[in-house]
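Quick look at run18.cif (mmCIF, C-alpha atoms):
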```
data_input
#
loop_
_atom_site.label_atom_id
_atom_site.label_comp_id
_atom_site.auth_asym_id
_atom_site.auth_seq_id
_atom_site.Cartn_x
_atom_site.Cartn_y
_atom_site.Cartn_z
CA MET D 1 -9.42 35.72 34.89
CA THR D 2 -10.86 39.16 34.31
CA GLU D 3 -11.14 41.17 31.17
CA THR D 4 -10.35 44.79 30.47
CA ILE D 5 -11.85 46.95 27.78
CA HIS D 6 -9.46 49.46 26.28
CA VAL D 7 -10.58 52.51 24.36
CA ASP D 8 -8.69 55.62 23.37
CA GLN D 9 -9.52 58.91 21.74
CA PHE D 10 -7.47 61.84 20.47
CA LEU D 11 -8.67 65.21 21.74
CA PRO D 12 -7.34 68.45 20.26
CA GLN D 13 -7.04 70.17 23.67
CA PRO D 14 -4.10 69.90 26.07
CA PRO D 15 -4.23 67.56 29.10
CA GLU D 16 -5.19 70.41 31.48
CA LYS D 17 -8.50 70.88 29.64
CA VAL D 18 -9.17 67.18 29.30
CA TRP D 19 -8.48 66.75 33.01
CA ARG D 20 -11.21 69.27 33.80
CA MET D 21 -13.67 67.34 31.62
CA LEU D 22 -12.95 64.28 33.73
CA THR D 23 -12.85 65.80 37.19
CA GLU D 24 -15.36 68.66 37.30
CA PRO D 25 -18.93 67.50 37.99
CA GLU D 26 -20.60 69.92 35.61
CA ARG D 27 -18.21 69.21 32.74
CA LEU D 28 -18.30 65.44 33.30
CA SER D 29 -22.08 65.45 33.32
CA ARG D 30 -22.13 67.15 29.92
CA TRP D 31 -20.71 64.12 28.17
CA TRP D 32 -21.49 61.32 30.58
CA ALA D 33 -23.75 61.44 33.64
CA PRO D 34 -24.69 63.66 36.60
CA ASN D 35 -22.19 63.15 39.41
CA ASP D 36 -20.39 64.61 42.41
CA ILE D 37 -16.86 63.66 41.48
CA GLU D 38 -13.81 65.18 43.13
CA ALA D 39 -10.23 64.37 42.19
CA VAL D 40 -9.25 63.32 45.71
CA VAL D 41 -8.09 59.82 46.58
CA GLY D 42 -10.69 58.13 48.78
CA HIS D 43 -13.51 60.44 47.66
CA ARG D 44 -16.76 58.55 47.21
CA PHE D 45 -19.19 59.75 44.60
CA THR D 46 -22.15 58.62 42.58
CA LEU D 47 -22.90 58.69 38.90
CA ASP D 48 -26.54 58.83 37.94
CA MET D 49 -26.75 56.31 35.13
CA ALA D 50 -30.45 56.90 34.40
CA SER D 51 -32.37 53.64 34.07
CA TRP D 52 -29.30 51.68 35.09
CA GLY D 53 -29.46 53.37 38.48
CA LEU D 54 -26.87 55.06 40.63
CA ALA D 55 -23.30 53.87 40.41
CA THR D 56 -21.15 54.35 43.50
CA CYS D 57 -17.49 55.06 42.85
CA THR D 58 -14.40 55.58 45.01
CA VAL D 59 -11.40 57.47 43.70
CA THR D 60 -8.26 55.32 43.91
CA THR D 61 -5.63 57.22 41.89
CA VAL D 62 -5.12 60.92 41.24
CA ASP D 63 -2.06 62.00 39.30
CA PRO D 64 -3.13 65.44 38.04
CA MET D 65 -3.22 65.83 34.23
CA ARG D 66 -1.93 62.27 33.90
CA GLU D 67 -4.04 59.59 35.53
CA LEU D 68 -7.35 59.21 37.32
CA ALA D 69 -8.81 55.92 38.52
CA TYR D 70 -11.91 54.96 40.45
CA THR D 71 -14.04 51.96 41.22
CA PHE D 72 -17.22 52.01 39.22
CA ALA D 73 -20.66 50.72 40.31
CA GLU D 74 -19.01 49.07 43.29
CA GLU D 75 -22.34 47.91 44.73
CA ARG D 76 -22.78 45.61 41.74
CA THR D 77 -19.42 44.99 40.14
CA ASP D 78 -15.65 44.80 40.65
CA TRP D 79 -15.06 47.27 37.88
CA THR D 80 -12.42 49.96 37.81
CA LEU D 81 -12.14 52.82 35.35
CA THR D 82 -8.65 54.15 34.70
CA TRP D 83 -8.23 57.29 32.62
CA ARG D 84 -4.77 58.14 31.32
CA LEU D 85 -3.90 61.39 29.58
CA VAL D 86 -0.90 61.41 27.28
CA PRO D 87 0.17 64.60 25.46
CA GLU D 88 0.10 64.13 21.69
CA GLY D 89 1.20 67.07 19.60
CA SER D 90 -0.80 70.05 20.84
CA GLY D 91 -3.58 67.76 22.06
CA THR D 92 -4.11 64.77 24.27
CA ARG D 93 -4.66 61.09 23.76
CA LEU D 94 -7.12 59.88 26.36
CA PHE D 95 -6.91 56.20 27.26
CA LEU D 96 -9.65 54.45 29.16
CA ALA D 97 -9.29 51.01 30.71
CA HIS D 98 -12.52 49.51 32.05
CA SER D 99 -11.31 46.50 34.02
CA GLY D 100 -12.77 43.75 36.18
CA PHE D 101 -15.10 41.91 33.79
CA ASP D 102 -15.22 38.30 34.89
CA LEU D 103 -16.44 36.49 31.81
CA SER D 104 -15.59 33.05 33.17
CA ASP D 105 -18.59 33.28 35.48
CA PRO D 106 -21.72 32.43 33.44
CA ALA D 107 -24.00 34.29 35.84
CA GLN D 108 -21.96 37.43 35.41
CA GLN D 109 -21.90 36.99 31.65
CA ARG D 110 -25.64 37.00 31.56
CA ALA D 111 -26.02 39.89 33.96
CA PHE D 112 -23.42 41.78 31.98
CA THR D 113 -25.18 41.13 28.70
CA ASN D 114 -28.62 42.17 29.94
CA MET D 115 -27.36 45.14 31.84
CA SER D 116 -25.17 46.48 29.12
CA ARG D 117 -27.96 46.28 26.58
CA GLY D 118 -30.30 48.39 28.67
CA TRP D 119 -27.57 50.72 29.68
CA ALA D 120 -26.15 51.33 26.27
CA THR D 121 -29.51 52.12 24.70
CA SER D 122 -31.06 54.27 27.43
CA VAL D 123 -28.13 56.35 28.60
CA TRP D 124 -26.88 56.66 25.11
CA SER D 125 -30.01 58.08 23.60
CA ARG D 126 -30.53 60.41 26.52
CA LEU D 127 -27.03 61.84 26.22
CA GLU D 128 -27.34 62.11 22.48
CA ARG D 129 -30.49 64.17 22.96
CA GLU D 130 -28.79 66.44 25.47
CA LEU D 131 -25.87 66.96 23.21
CA VAL D 132 -28.14 67.95 20.36
CA SER D 133 -30.21 70.28 22.54
CA THR D 134 -27.19 72.11 23.95
CA SER D 135 -25.39 72.54 20.64
CA MET C 1 -28.32 26.53 22.89
CA LEU C 2 -25.82 28.03 20.52
CA ASP C 3 -25.70 30.93 22.96
CA ASP C 4 -24.43 28.63 25.70
CA LEU C 5 -21.80 27.25 23.37
CA LEU C 6 -20.79 30.78 22.48
CA PHE C 7 -20.42 31.78 26.11
CA THR C 8 -18.36 28.69 26.86
CA ALA C 9 -16.24 29.23 23.79
CA MET C 10 -15.55 32.87 24.53
CA ALA C 11 -14.95 32.50 28.27
CA ASN C 12 -11.44 31.17 27.66
CA PRO C 13 -8.51 33.49 26.87
CA VAL C 14 -6.77 30.95 24.62
CA ARG C 15 -9.90 30.64 22.51
CA ARG C 16 -10.34 34.38 22.30
CA ARG C 17 -6.73 34.67 21.20
CA LEU C 18 -7.32 32.00 18.55
CA LEU C 19 -10.20 34.01 17.15
CA GLU C 20 -8.03 37.10 17.06
CA LEU C 21 -5.34 35.23 15.15
CA LEU C 22 -7.92 34.02 12.65
CA ARG C 23 -9.12 37.55 11.99
CA ASP C 24 -6.12 38.02 9.74
CA GLY C 25 -7.11 35.05 7.60
CA SER C 26 -7.38 31.29 7.78
CA LYS C 27 -4.52 29.36 9.34
CA THR C 28 -3.41 25.79 9.81
CA ALA C 29 -3.71 24.01 13.14
CA GLY C 30 0.08 23.86 13.28
CA SER C 31 0.69 27.58 12.78
CA LEU C 32 -1.98 28.40 15.35
CA ALA C 33 -0.51 25.99 17.90
CA ALA C 34 2.91 27.59 17.40
CA GLN C 35 1.52 30.83 18.87
CA PHE C 36 0.92 29.25 22.28
CA GLU C 37 3.00 27.65 24.96
CA LEU C 38 0.54 24.78 24.97
CA SER C 39 0.72 21.32 23.51
CA ARG C 40 -0.69 20.93 20.05
CA PRO C 41 -3.46 18.57 21.27
CA ALA C 42 -4.48 21.18 23.86
CA VAL C 43 -4.75 23.86 21.16
CA SER C 44 -6.67 21.40 18.97
CA GLU C 45 -9.13 20.83 21.77
CA HIS C 46 -9.70 24.60 22.02
CA LEU C 47 -10.24 24.73 18.27
CA GLN C 48 -12.86 21.99 18.56
CA VAL C 49 -14.74 24.01 21.18
CA LEU C 50 -14.74 26.97 18.77
CA ARG C 51 -15.89 24.69 15.98
CA ARG C 52 -18.80 23.35 18.04
CA ALA C 53 -19.85 26.93 18.75
CA GLU C 54 -19.71 27.48 14.98
CA LEU C 55 -17.17 30.24 15.40
CA VAL C 56 -14.65 28.54 13.17
CA ARG C 57 -14.88 26.18 10.22
CA GLU C 58 -12.45 23.34 9.77
CA GLU C 59 -11.18 22.26 6.39
CA VAL C 60 -8.91 19.27 5.84
CA ARG C 61 -6.42 19.74 3.02
CA GLY C 62 -3.99 16.87 2.66
CA ARG C 63 -2.34 16.37 6.01
CA GLU C 64 -3.26 19.80 7.32
CA ARG C 65 -6.33 21.14 9.01
CA HIS C 66 -7.14 24.71 8.09
CA TYR C 67 -9.30 26.92 10.27
CA HIS C 68 -11.45 29.79 9.05
CA LEU C 69 -13.35 32.33 11.02
CA THR C 70 -17.12 32.11 10.57
CA ALA C 71 -18.32 35.65 10.35
CA GLU C 72 -21.91 35.34 11.53
CA PRO C 73 -21.67 34.03 15.10
CA LEU C 74 -18.68 36.27 15.57
CA ALA C 75 -20.80 39.33 15.07
CA ALA C 76 -23.08 38.05 17.83
CA VAL C 77 -20.09 37.47 20.06
CA SER C 78 -18.60 40.90 19.71
CA GLU C 79 -22.09 42.20 20.31
CA TRP C 80 -22.11 40.71 23.80
CA LEU C 81 -18.42 40.79 24.49
CA HIS C 82 -17.89 44.43 23.69
CA PRO C 83 -21.08 46.40 24.19
CA PHE C 84 -19.19 48.51 26.67
CA GLU C 85 -16.47 49.12 24.17
CA HIS C 86 -19.08 50.55 21.83
CA TYR C 87 -20.52 52.50 24.70
CA TRP C 88 -17.17 54.01 25.63
CA ARG C 89 -16.22 54.80 22.06
CA ASP C 90 -19.43 56.67 21.79
CA ARG C 91 -18.92 58.54 25.07
CA LEU C 92 -15.42 59.55 24.04
CA ARG C 93 -16.65 60.70 20.66
CA THR C 94 -19.22 62.84 22.45
CA LEU C 95 -16.46 64.26 24.63
CA SER C 96 -14.41 65.01 21.56
CA HIS C 97 -17.28 66.88 19.86
CA LEU C 98 -18.00 68.75 23.04
CA MET C 99 -14.40 69.87 23.33
CA GLU C 100 -14.35 71.09 19.77
CA GLU C 101 -17.34 73.34 20.48
CA ASP C 102 -15.93 74.34 23.83
CA SER C 103 -12.58 75.60 22.60
CA ASP C 104 -13.08 79.14 23.88
CA ASP C 105 -12.96 78.40 27.63
#
```
Go ahead and render the structure in this file as structure tokens.
Amino acid sequence: MTETIHVDQFLPQPPEKVWRMLTEPERLSRWWAPNDIEAVVGHRFTLDMASWGLATCTVTTVDPMRELAYTFAEERTDWTLTWRLVPEGSGTRLFLAHSGFDLSDPAQQRAFTNMSRGWATSVWSRLERELVSTS
Amino acid sequence: MLDDLLFTAMANPVRRRLLELLRDGSKTAGSLAAQFELSRPAVSEHLQVLRRAELVREEVRGRERHYHLTAEPLAAVSEWLHPFEHYWRDRLRTLSHLMEEDSDD
């Protein structure tokens, strides 16, 4: 039994622009983490998650302007991130599914708790700072 | 110790669903059981696990048992169950702000 986290966000730009934010290394790094992503199925890339370390990912789905999926931190987890872009008015609703959390395994629960704490605080504050300094 | 009980309580999808149902207000054991394709005793057992973890409070009124969500441990639970949800909400908000500033390219 695995869990999936679902989050969505409305963005005022059309899917083409949102797609670029998700699939171009420089743009992705501006709101998330340094990376060498490429929207090509089978492409392996890393995300530099600061104190949480490098996260290796493999692209599994590319449906341009519509859906992008990749494994996430595959050396440590069975997570998958799936991004879906749905036109909404003149903008886009971006859906993220972060799947593969196995909360029935107590060891993983603990690892997950500890890891997420460190991750959320460190990466978070760093990105907040960058956002402030570039604006 | 309570932490272990919390983990155990939250590891089960039926129990998580029960907590969700109770978010809308207290309910009787019977109306909760009606939401599942499980026997009433099975649902009662799940409710007892939640009660031991102090996630729900039980109140006997006449022939009915009423269940209430206990707010405090629940805050702790969502803290460990959904830190990534918070994380992602925040990332997506950042993306949204970035795109507002970036509208010229």
Using all atoms listed in the file, can you tell me which of D:Val59, D:Val86, D:Leu81, D:Val40 comes closest to chain C?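 The closest residue to chain C is D:Leu81.
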Reference answer for the PyMOL selection byres ((chain C) within 6 of (chain D)), as a ChimeraX atom specification: /C:11,80,87,95-96
Neighbour list for Val60 (chain C) as a ChimeraX atom specification, cut-off 12 Å, only C-alpha atoms, skip fewer than 6 positions in-chain: /C:27-29,66-68
Using Å and a single decimal, report how far CA of Phe84 (chain C) sits from CA of Pro64 (chain D).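 CA of Pro64 (chain D) sits 26.0 Å away from CA of Phe84 (chain C).
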For this structure, which residues satisfy the selection - the PyMOL selection byres ((chain C and resi 55) around 7) - when it is evaluated on the file as given? I want them as a list of chain:residue names.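 On this input, the PyMOL selection byres ((chain C and resi 55) around 7) captures C:Leu50, C:Arg51, C:Ala53, C:Glu54, C:Val56, C:Arg57, C:Leu69, C:Thr70, C:Pro73, C:Leu74.
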Translate the PyMOL selection byres ((chain D and resi 36) around 12), as applied to the file shown, into an explicit residue set as an MDAnalysis selection string. chainID D and resid 22:29 33:35 37:40 43:48 54:59
Between D:Arg84, D:Gly91, D:Trp19, D:Glu67, single out the one closest to Glu100 (chain C), counting all atoms listed in the file. D:Gly91
Please indicate the distance in Å from CA of Gly100 (chain D) to CA of Asp78 (chain D), rounded to one decimal place. 5.4 Å
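The gap separating CA of Trp79 (chain D) from CA of Glu37 (chain C) is 29.6 Å, in Å to one decimal.
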Between D:Trp83, D:Arg20, D:Ala50, D:Ser90, which has the minimum distance to Thr71 (chain D) (counting only C-alpha atoms)?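 Going through D:Trp83, D:Arg20, D:Ala50, D:Ser90 one by one, the smallest distance to Thr71 (chain D) is for D:Trp83.
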Tell me which of C:Arg15, C:His86, C:Arg63, C:His97 sits closest to Phe36 (chain C), counting only C-alpha atoms. C:Arg15
With 3 Å added on each side, what axis-aligned box encloses every listed atom of region 37-44 of chain C? Give the centre and edge lengths in Å to one decimal, as AutoDock Vina command-line options.
```
--center_x -1.8 --center_y 23.1 --center_z 22.0 --size_x 15.7 --size_y 15.1 --size_z 12.0
```
